[in-house]
Amino acid sequence: MQNRLLPFQGWRLTLFQGIMVGVFLFFAIRMYDFQVARYSEFQAAADENRLNELPIPSNRGVIFDRYDQPLAINAPAFNVTIVPAALPDDETTTLEIYNRLSALVDVPPTAAIARASGRQVRSIEELVAEGRGIAPFRQVIIAQDVDFHVALQIKEEAQTFPGVAVEPVSVREYPSGALTAHLIGYMGPISAEEAEKLIEQGYNPAFDRVGYDGIESFLEATLAGKRGSRLREVDVAGEEIREIRYTPPEPGQNIRLTIDVKLQAAAEQALKNRLTLLNTEFNRIVSQQGVIIAMNPQNGQILAMVSYPGYDNSRFARAIDVAYYLDVIADPLNPLVNNAIRSLYPPGSVFKVVTATGVLQEQVIRPETRLYDRGSLVVENRYAPNDPAASQTFVCWNRAGHEAVWMTRAIAQSCNVYFYQVGGGNATLSPSVLRSGGLGIEDLFRYATMLGIGSELGVELPGENQGRMPDRDWKRINYGQNWSTGDTYNAALGQGYVTVTPLQLISAVAAVANGGTLYQPTIIESFLDAEGDVVQPFTPHVLRNVTLENASDPLRMLLIEDMIMKGQNSLACTCEPDSPYYNANLCDPVNYRNTVDINPDPFITELRDYTVHVPLNYVFNGRVCQPNRFEPDFQPAFVDMRNIQIIQEGMRDAVTVGTAEQANLPYVAVAGKTGTAEYCDNIAWPLGLCRFGNWPAHAWFAAYAPYENPEVMVIGFIYNGQEGSKWALPMVVETLEAYYRLKNEREGLAAPRGSIAPPVAPPANSSTETGGG
C-alpha cells in the first residue's frame, strides 16, 4: 500500500521553508538598506520634516568717503506679518482684521477687491492662504517697509490684531544719492539666474536684496557679512517645539572709500557748468555727457569719479521705483552706465604722451631735433608715387603750421604734423634725422600696452572695459585689411582704431607724471570693523614698472604682456576657463612668477623675475588668452627716467606757453595735455555729423599738480565737446581749484591766492581765443 504524503512533508515542506527563508531574507535586506545603507538619506528626509532652519540676516556694512562722510547706511524699516495659525477661527473676525490692516498698509484685503482695483498686487487673503497651505505657523509678510506711524499703531493695537506682528528690518539709504550712484550702486531683488547660488549662501530670494552695480555689487560678500540661523524642531504644522541651535550672524565689513564726496560734488558741478555753457554758446544741444576723474598719481587712489548723466540710487534704496527705473533704462544717454570705466572713446592728442614715450626711448628722433610744420603733411601713394591725386594729406589743427618744432614744443603745442612723422615716419627725411618708418605700429603697441592701454586695470567696480590698442594682426583679423602708414599716423595721435576709457587714459598719463609706475586705480581706502577700526588698510598695488630705475624686485608685468610672451604657459591661459590651455592645478596667481629679458639688444640676454598683479575679486573671464597673439620674442617696453622727464617738461610747457595756458595757476605749478579727438559713432552717424574733413570731436584735458611732485591729477572729457582747450580744460581747472581749496580748509589755511571764481556764461558777443589739441 502506497504511503500518503502529509500536507507539510516532502517537497511541499521544502518549498514552504524556502519561501519563508526568502521572505525573511528579503525583509532583512530591505531592513539593512533602510537602516544602514540608506540611513543618511532617510535621516535627512526625516530631519527635513522635523527640523526647520530660519536664516537671520546680518547687518550690512556701511560705506564712507575718505573723510567718513556716510555714502551708504542702514536705516530701520518695518514689515507687517501674519501667522496663519494664530488668526481667529471665525471667518468674519478674520476678514475684519484683513480690512483694518488693508486700510493701514494699502494692500487689498481680499482677492475680489484686488481684482476689482485693477492693481497687479496680491491680497492679504491670498498671501495668508498660501502660507497656511505651506506652514501655518510660519510668518507671512503682507507688507514691507511700512510707515513708522503705521507700525507703531499696529503694535499699540496688538490685542485687536491676533496673529499680526511688526518685524523690524533694515533697509539701505544713500545720503549722497545721485552724486555717487555710479560708485556706490544700489540694492535690488535677487534675480532668477542668481537665486540657486545665493540660496546656498543663506539668502532668501523672496525677501533678501543684493548689490547691483558699484561697490554694492563688487563687494557684495564683504558688505553682506555672514548670515546667522536658528535651527528649530517643529511639528507637522510648522509650530516650533524647541530650539536646537542658534548661530549668531556676523556683520559685514564697513568700507572707507578713497572718494572725497566734497570734491566729487565740485567736479560734477564743474562738468554741468561746462555743458550748460557749451549748449548755450551754440544755442542747441551739443552735448549732455561727460566724465571727470581726480586721482592721486602717486598711488592710484581715485578722489572723484563723475560720469554724467547719472541716476538717483536713492530711488532704488527701499524698493525699486519701477516707473523711474523704466524711464532711466529708456533714456538714450544711458545714465545707468558709468562712462568713466565702461565706455570707449578715441583719446585724441592726450595720447601723444604715450607716443612720446616710445619715440624717445627708441631714439626715433633726438628730442632737440627740429622738424618743420607747414600745417599739413602729404603722403604719396606708394603704388602711384607720381600721381598727386592718389596721395593723402594729413593736417594739423593749426592749418598755418607751427614752423620749427621739437619734442617738448610738439607736446606743448600739440603739433599733429610732428607726431605724424615721429609716429609713422617721413620718407623725405634722412634716416639720420628721423628713423625710417618712425616709431611704427609694433613699437607703439608695445609702449601703449606698457601704460595699460588695452588692459583691465582692476578698479573695484563691475563692468570695466579693457579698451583697444590695435596692431597689424588686429586689423587683418577684424577687417581683412593690411595696416597702412595712415593707420599709424592716426594711432600716434590717439585716433583711428585706438579707444580707451577715461580711467585708462588718466592712469597712463599718471604713470608718466609720477616718474614711471603704473598703479592699479582703486576706490578702496580701507576695510573697517563694526567699531570703525581699520581691519585692512590701503596698500598701493603696482600694475607695471614703466622705468627700471628704482623698480620693484621682482618686476611687475601686465597680464596681456605675460600672455604674449609665455603663451600657453601664461597666467591668463592657464586660469581662464574658456582657454584651450586651462589647467586649474597650474592656476596660481599668488605664487606665479616668470622671467623677462629687459635688454633690448637681441644679442644680449638680461633676465629679470617678474610677477603679475591680479586685482581683488578679479575673475579670469576677459579672454586675454589669444593663441594668435603668442610671440615668444616679444620685447616688453621700458622707459628711461630722462625720457620721462622730457615728456613732463613738454606737459609743463603746454600750461605755460602752449595749448593749456588757461590752466596756469598762480599758486601751484600745473602740467597738462589737451586733446581733441575726432570720432564717428552710432550716435553721430545717423545724425549726419560724420562729414569728411569736418568730423565731430570730443574734448579732453588731463592735468596734474604740483609739477615737481604731483599729488593730484584730473582728467576731463566732454562727449562731442568740440575742443579740449576750450571746453574740457576749464572744468579740470575748477576741479583742481576745488581740490586745493578743500585741502586748505581742512588744514585751516586760507583759500589759495588767485583762485578762479565759478564760471559764468560769457556775453553773447564775446569770443575766446583757443589753442588746439
# chains A, B, ... in the order shown; residues from 1 in each chain; ligands from 1
>>> closest_atom_pairs(of="range 80-177 of chain A", to="range 51-72 of chain A", cutoff="12 Å", atoms="only C-alpha atoms", output="JSON lines")
{"residue": "A:Ala135", "atom": "CA", "partner": "A:Asn52", "partner_atom": "CA", "distance": 10.7}
{"residue": "A:Phe137", "atom": "CA", "partner": "A:Asn52", "partner_atom": "CA", "distance": 11.6}
{"residue": "A:Arg138", "atom": "CA", "partner": "A:Leu54", "partner_atom": "CA", "distance": 10.1}
{"residue": "A:Gln139", "atom": "CA", "partner": "A:Leu54", "partner_atom": "CA", "distance": 11.1}
{"residue": "A:Pro168", "atom": "CA", "partner": "A:Pro57", "partner_atom": "CA", "distance": 11.5}
{"residue": "A:Val169", "atom": "CA", "partner": "A:Pro57", "partner_atom": "CA", "distance": 8.9}
{"residue": "A:Ser170", "atom": "CA", "partner": "A:Asn59", "partner_atom": "CA", "distance": 7.9}
{"residue": "A:Val171", "atom": "CA", "partner": "A:Arg60", "partner_atom": "CA", "distance": 9.2}
{"residue": "A:Arg172", "atom": "CA", "partner": "A:Ala72", "partner_atom": "CA", "distance": 6.8}
{"residue": "A:Glu173", "atom": "CA", "partner": "A:Ala72", "partner_atom": "CA", "distance": 5.7}
{"residue": "A:Tyr174", "atom": "CA", "partner": "A:Ala72", "partner_atom": "CA", "distance": 4.7}
{"residue": "A:Pro175", "atom": "CA", "partner": "A:Leu71", "partner_atom": "CA", "distance": 5.7}
{"residue": "A:Ser176", "atom": "CA", "partner": "A:Leu71", "partner_atom": "CA", "distance": 5.7}
{"residue": "A:Gly177", "atom": "CA", "partner": "A:Leu71", "partner_atom": "CA", "distance": 8.0}
>>> select_by_dssp(residues="range 201-260 of chain A", states="strand (DSSP E or B)", output="VMD selection string")
chain A and resid 209 to 212 226 228 to 234 240 to 247 250 254 to 257
>>> residues_around(residues="range 670-680 of chain A", least_positions_apart="3", cutoff="7 Å", atoms="only C-alpha atoms", output="ChimeraX atom specification")
/A:346-350,495,651-652,654-655,659-660,663-665,684-685,690,695-707,723-725,773
>>> residues_around(residues="Leu503 in chain A", least_positions_apart="6", cutoff="8 Å", atoms="only C-alpha atoms", output="VMD selection string")
chain A and resid 293 340 to 341
>>> residues_around(residues="Trp474 in chain A", least_positions_apart="3", cutoff="12 Å", atoms="only C-alpha atoms", output="ChimeraX atom specification")
/A:441-442,445,468-471,477-483,497-498,626,628-629
>>> residues_around(residues="range 402-411 of chain A", least_positions_apart="2", cutoff="9 Å", atoms="only C-alpha atoms", output="number ranges by chain")
A: 349, 352-353, 356, 360, 365-375, 396, 398-400, 413-419, 646-651, 653-654, 658, 673
>>> write_last_selection(atoms="C-alpha atoms", output="mmCIF file, in the first residue's frame")
data_model
loop_
_atom_site.group_PDB
_atom_site.id
_atom_site.type_symbol
_atom_site.label_atom_id
_atom_site.label_comp_id
_atom_site.auth_asym_id
_atom_site.auth_seq_id
_atom_site.Cartn_x
_atom_site.Cartn_y
_atom_site.Cartn_z
ATOM 1 C CA SER A 349 46.042 114.323 -28.547
ATOM 2 C CA LYS A 352 50.665 111.929 -27.695
ATOM 3 C CA VAL A 353 52.103 111.478 -24.209
ATOM 4 C CA ALA A 356 56.292 110.277 -26.947
ATOM 5 C CA LEU A 360 62.164 108.969 -27.081
ATOM 6 C CA ILE A 365 64.485 111.254 -33.207
ATOM 7 C CA ARG A 366 66.630 113.280 -30.854
ATOM 8 C CA PRO A 367 64.452 115.359 -28.542
ATOM 9 C CA GLU A 368 66.122 118.590 -29.657
ATOM 10 C CA THR A 369 65.896 117.833 -33.402
ATOM 11 C CA ARG A 370 63.567 120.226 -35.203
ATOM 12 C CA LEU A 371 61.001 119.228 -37.778
ATOM 13 C CA TYR A 372 59.166 121.814 -39.830
ATOM 14 C CA ASP A 373 55.393 122.016 -39.670
ATOM 15 C CA ARG A 374 53.672 123.804 -42.536
ATOM 16 C CA GLY A 375 50.219 122.844 -41.321
ATOM 17 C CA CYS A 396 47.471 119.880 -38.203
ATOM 18 C CA ASN A 398 46.745 124.760 -36.726
ATOM 19 C CA ARG A 399 46.401 124.943 -40.505
ATOM 20 C CA ALA A 400 49.047 127.708 -40.642
ATOM 21 C CA GLN A 413 51.641 122.999 -28.928
ATOM 22 C CA SER A 414 50.057 119.581 -29.619
ATOM 23 C CA CYS A 415 51.594 119.581 -33.088
ATOM 24 C CA ASN A 416 49.949 116.918 -35.226
ATOM 25 C CA VAL A 417 52.448 117.099 -38.095
ATOM 26 C CA TYR A 418 55.384 116.427 -35.747
ATOM 27 C CA PHE A 419 53.688 113.368 -34.243
ATOM 28 C CA ILE A 646 61.379 115.307 -21.201
ATOM 29 C CA ILE A 647 57.686 114.461 -21.566
ATOM 30 C CA GLN A 648 56.960 116.065 -18.200
ATOM 31 C CA GLU A 649 58.717 119.220 -19.397
ATOM 32 C CA GLY A 650 56.568 119.244 -22.517
ATOM 33 C CA MET A 651 53.410 118.963 -20.429
ATOM 34 C CA ASP A 653 55.270 123.904 -21.300
ATOM 35 C CA ALA A 654 51.741 123.158 -22.528
ATOM 36 C CA GLY A 658 51.178 126.082 -25.081
ATOM 37 C CA LYS A 673 47.904 117.935 -22.092
#
>>> residues_around(residues="Met641 in chain A", least_positions_apart="2", cutoff="9 Å", atoms="only C-alpha atoms", output="ChimeraX atom specification")
/A:515-516,547-549,639,643-646
>>> write_last_selection(atoms="all heavy atoms", output="short mmCIF file (atom, residue, chain, number, x, y, z; two decimals), in the first residue's frame")
data_model
loop_
_atom_site.label_atom_id
_atom_site.label_comp_id
_atom_site.auth_asym_id
_atom_site.auth_seq_id
_atom_site.Cartn_x
_atom_site.Cartn_y
_atom_site.Cartn_z
N GLY A 515 56.65 109.50 -12.56
CA GLY A 515 58.03 109.08 -12.78
C GLY A 515 58.21 107.65 -13.21
O GLY A 515 59.33 107.14 -13.19
N GLY A 516 57.11 106.96 -13.59
CA GLY A 516 57.30 105.66 -14.20
C GLY A 516 56.71 104.46 -13.49
O GLY A 516 57.26 103.36 -13.59
N THR A 547 59.56 102.31 -15.67
CA THR A 547 61.01 102.54 -15.68
C THR A 547 61.68 101.45 -14.86
O THR A 547 61.09 100.89 -13.93
CB THR A 547 61.37 103.90 -15.08
OG1 THR A 547 60.93 103.94 -13.72
CG2 THR A 547 60.71 105.04 -15.85
N LEU A 548 62.92 101.16 -15.20
CA LEU A 548 63.69 100.16 -14.46
C LEU A 548 64.44 100.78 -13.29
O LEU A 548 64.81 100.08 -12.36
CB LEU A 548 64.67 99.44 -15.39
CG LEU A 548 64.02 98.52 -16.43
CD1 LEU A 548 65.07 98.00 -17.40
CD2 LEU A 548 63.31 97.37 -15.75
N GLU A 549 64.65 102.10 -13.34
CA GLU A 549 65.27 102.77 -12.22
C GLU A 549 64.34 102.68 -11.01
O GLU A 549 63.16 103.03 -11.10
CB GLU A 549 65.55 104.24 -12.52
CG GLU A 549 66.60 104.45 -13.59
CD GLU A 549 66.00 104.79 -14.94
OE1 GLU A 549 64.95 104.20 -15.28
OE2 GLU A 549 66.56 105.63 -15.65
N VAL A 639 61.01 102.51 -20.10
CA VAL A 639 61.39 103.88 -20.46
C VAL A 639 62.39 104.41 -19.44
O VAL A 639 62.19 104.26 -18.23
CB VAL A 639 60.16 104.80 -20.52
CG1 VAL A 639 60.56 106.19 -20.99
CG2 VAL A 639 59.09 104.22 -21.42
N ASN A 643 63.90 110.25 -20.25
CA ASN A 643 62.87 110.43 -21.28
C ASN A 643 61.52 110.79 -20.66
O ASN A 643 60.76 111.58 -21.23
CB ASN A 643 62.76 109.17 -22.13
CG ASN A 643 64.00 108.94 -22.98
OD1 ASN A 643 64.63 109.90 -23.44
ND2 ASN A 643 64.37 107.69 -23.20
N ILE A 644 61.22 110.18 -19.50
CA ILE A 644 60.01 110.58 -18.77
C ILE A 644 60.06 112.07 -18.44
O ILE A 644 59.07 112.80 -18.59
CB ILE A 644 59.88 109.75 -17.48
CG1 ILE A 644 59.63 108.27 -17.79
CG2 ILE A 644 58.80 110.32 -16.57
CD1 ILE A 644 58.23 107.94 -18.17
N GLN A 645 61.21 112.54 -18.03
CA GLN A 645 61.36 113.95 -17.64
C GLN A 645 61.16 114.88 -18.83
O GLN A 645 60.62 115.98 -18.68
CB GLN A 645 62.73 114.17 -16.99
CG GLN A 645 62.86 113.49 -15.63
CD GLN A 645 64.28 113.48 -15.11
OE1 GLN A 645 65.23 113.74 -15.85
NE2 GLN A 645 64.44 113.15 -13.83
N ILE A 646 61.58 114.47 -20.01
CA ILE A 646 61.38 115.31 -21.20
C ILE A 646 59.89 115.47 -21.48
O ILE A 646 59.41 116.58 -21.79
CB ILE A 646 62.10 114.69 -22.43
CG1 ILE A 646 63.62 114.78 -22.24
CG2 ILE A 646 61.68 115.39 -23.71
CD1 ILE A 646 64.40 114.00 -23.28
#
